[in-house]
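Chemist: Before I ask anything, let me first share the structure, which is written out below as structure tokens.
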Protein chains: 2
Amino acid sequence: MSHDANDVPASESAATDLRRNERAVKLPPASDAALRFIGVIRTPWVHRDACPRQGRPDGPECRLVLDPVWHDALQGLEEYPMIEVLYWLDRSRRDLVLQSPKSDGRTVGTFALRSPVRPNPIGTSLVRLVRIENGTVVVRGLDCLDGTPLVDIKPDRCAFSPKAPPKSGEGEAP
Amino acid sequence: MSHDANDVPASESAATDLRRNERAVKLPPASDAALRFIGVIRTPWVHRDACPRQGRPDGPECRLVLDPVWHDALQGLEEYPMIEVLYWLDRSRRDLVLQSPKSDGRTVGTFALRSPVRPNPIGTSLVRLVRIENGTVVVRGLDCLDGTPLVDIKPDRCAFSPKAPPKSGEGEAP
């Protein structure tokens, strides 16, 4: 992934980059599990300052461009008007416990924010499926940078009913 | 992580484990990004057959046990009645493009399922926050195995309003 000249890789983030009262922790390199990117996300936003803070269902079309090995894994996805997209926020530092999103010194815990800055910078969005063409999924409702690595696509949990039969001991859904 | 004797690590999954018409692909080891588990999930389900297929808001209490380094990152989370939980489905094979969830030979693409079997086996659940005590988040609505590694916690996107001020070029929220 390319980086803006202004971007500081997480490994080089220093205490001096912190806003007032923010707190970072020292961590060993992440090594518990490895991701395999499945494609790349194309959006109109090529600089972080241009990204909306939250995607909107009437936002511009964005494209989930799947690697060819996964094209057939899209079969059946067209049935779902809303889909969940997971992606890797590859420019985010990962070591902040407390953040000061308004830069005013008032902090909140990382897990009480949907900020890209988190120990595992995975973004999740619920987006409108517009169409699927040649291994590319066109959606509305994203807010991430152009070039963001794609991690997963799932049907919206609200619309999805498990395809497998119920298991023993499992009650009827309410 | 411990594995049942019946579990086959993804790296050793063979074509003979496939249901009728399922399709696996050969993949190099995943190496695009690394996760750092932030804790562990405690649930009543210690065998896969006992897990419900989908969590229910009136399901049993489950516990997100955070590693101590992240305890303070929970500050402010108590404001949100619903939270999103990400976890690593560490017993899932990762190489299936087409799956036959009913074992009847009819296949569907991996990305049209919420099955744990996917190239990046990250589960996402929207759960009810019950309480937070000493770095442990008690929730209802999960469906994963006891001992599942915890990857992230976020406020529900529906309830969350960005804390930072709007950015230039960003319209008013609808």
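Quick note on naming: the chains in the structure tokens go A, B, ... in the order shown, residues restart at 1 in each chain, and ligands are numbered from 1 in order of appearance.
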Considering only C-alpha atoms, return as a PyMOL selection string whatever protein or nucleic-acid residues lie within 12 Å of Arg106 (chain B), sequence-local ones (same chain, fewer than 4 positions apart) excluded.
Modeler: (chain A and resi 75-76+163-164) or (chain B and resi 19-23+98-102)
Chemist: Pick out the residues sitting within 10 Å of Arg128 (chain A), and hand them over as a list of chain:residue names; count only C-alpha atoms, and ignore anything fewer than 2 positions along from it in its own chain.
Modeler: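 Once the adjacent positions are removed, what remains is A:Arg56, A:Pro57, A:Asp58, A:Gly59, A:Glu61, A:Tyr80, A:Pro81, A:Met82, A:Ile83, A:Glu84, A:Ser125, A:Leu126, A:Val130, A:Arg131, A:Val138, A:Val139, A:Arg140, A:Gly141, A:Leu142, A:Asp156.
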Chemist: Set the cut-off to 7 Å and count only C-alpha atoms: what are the residues of chain B that reach chain A? Output as a PyMOL selection string.
Modeler: chain B and resi 30-37+49-50+52-53+70+72-77+97-98+101-102+108-114+119-120+151-155+162-165+167+169-170
Chemist: Give me every strand (DSSP E) residue in chain B, going by DSSP on the backbone, as a PyMOL selection string.
Modeler: chain B and resi 23-24+33-35+39-42+61-66+82-88+96-99+108-109+122-133+136-140+148-155
Chemist: Determine the nearest neighbour of Val127 (chain B) from the options B:Val65, B:Thr148, B:Asp104, B:Asp143, counting only C-alpha atoms.
Modeler: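 That would be B:Asp143, the residue with the smallest distance to Val127 (chain B).
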Chemist: Mind pulling up the distance from CA of Asp17 (chain B) to CA of Gly39 (chain A)?
Modeler: 26.8 Å
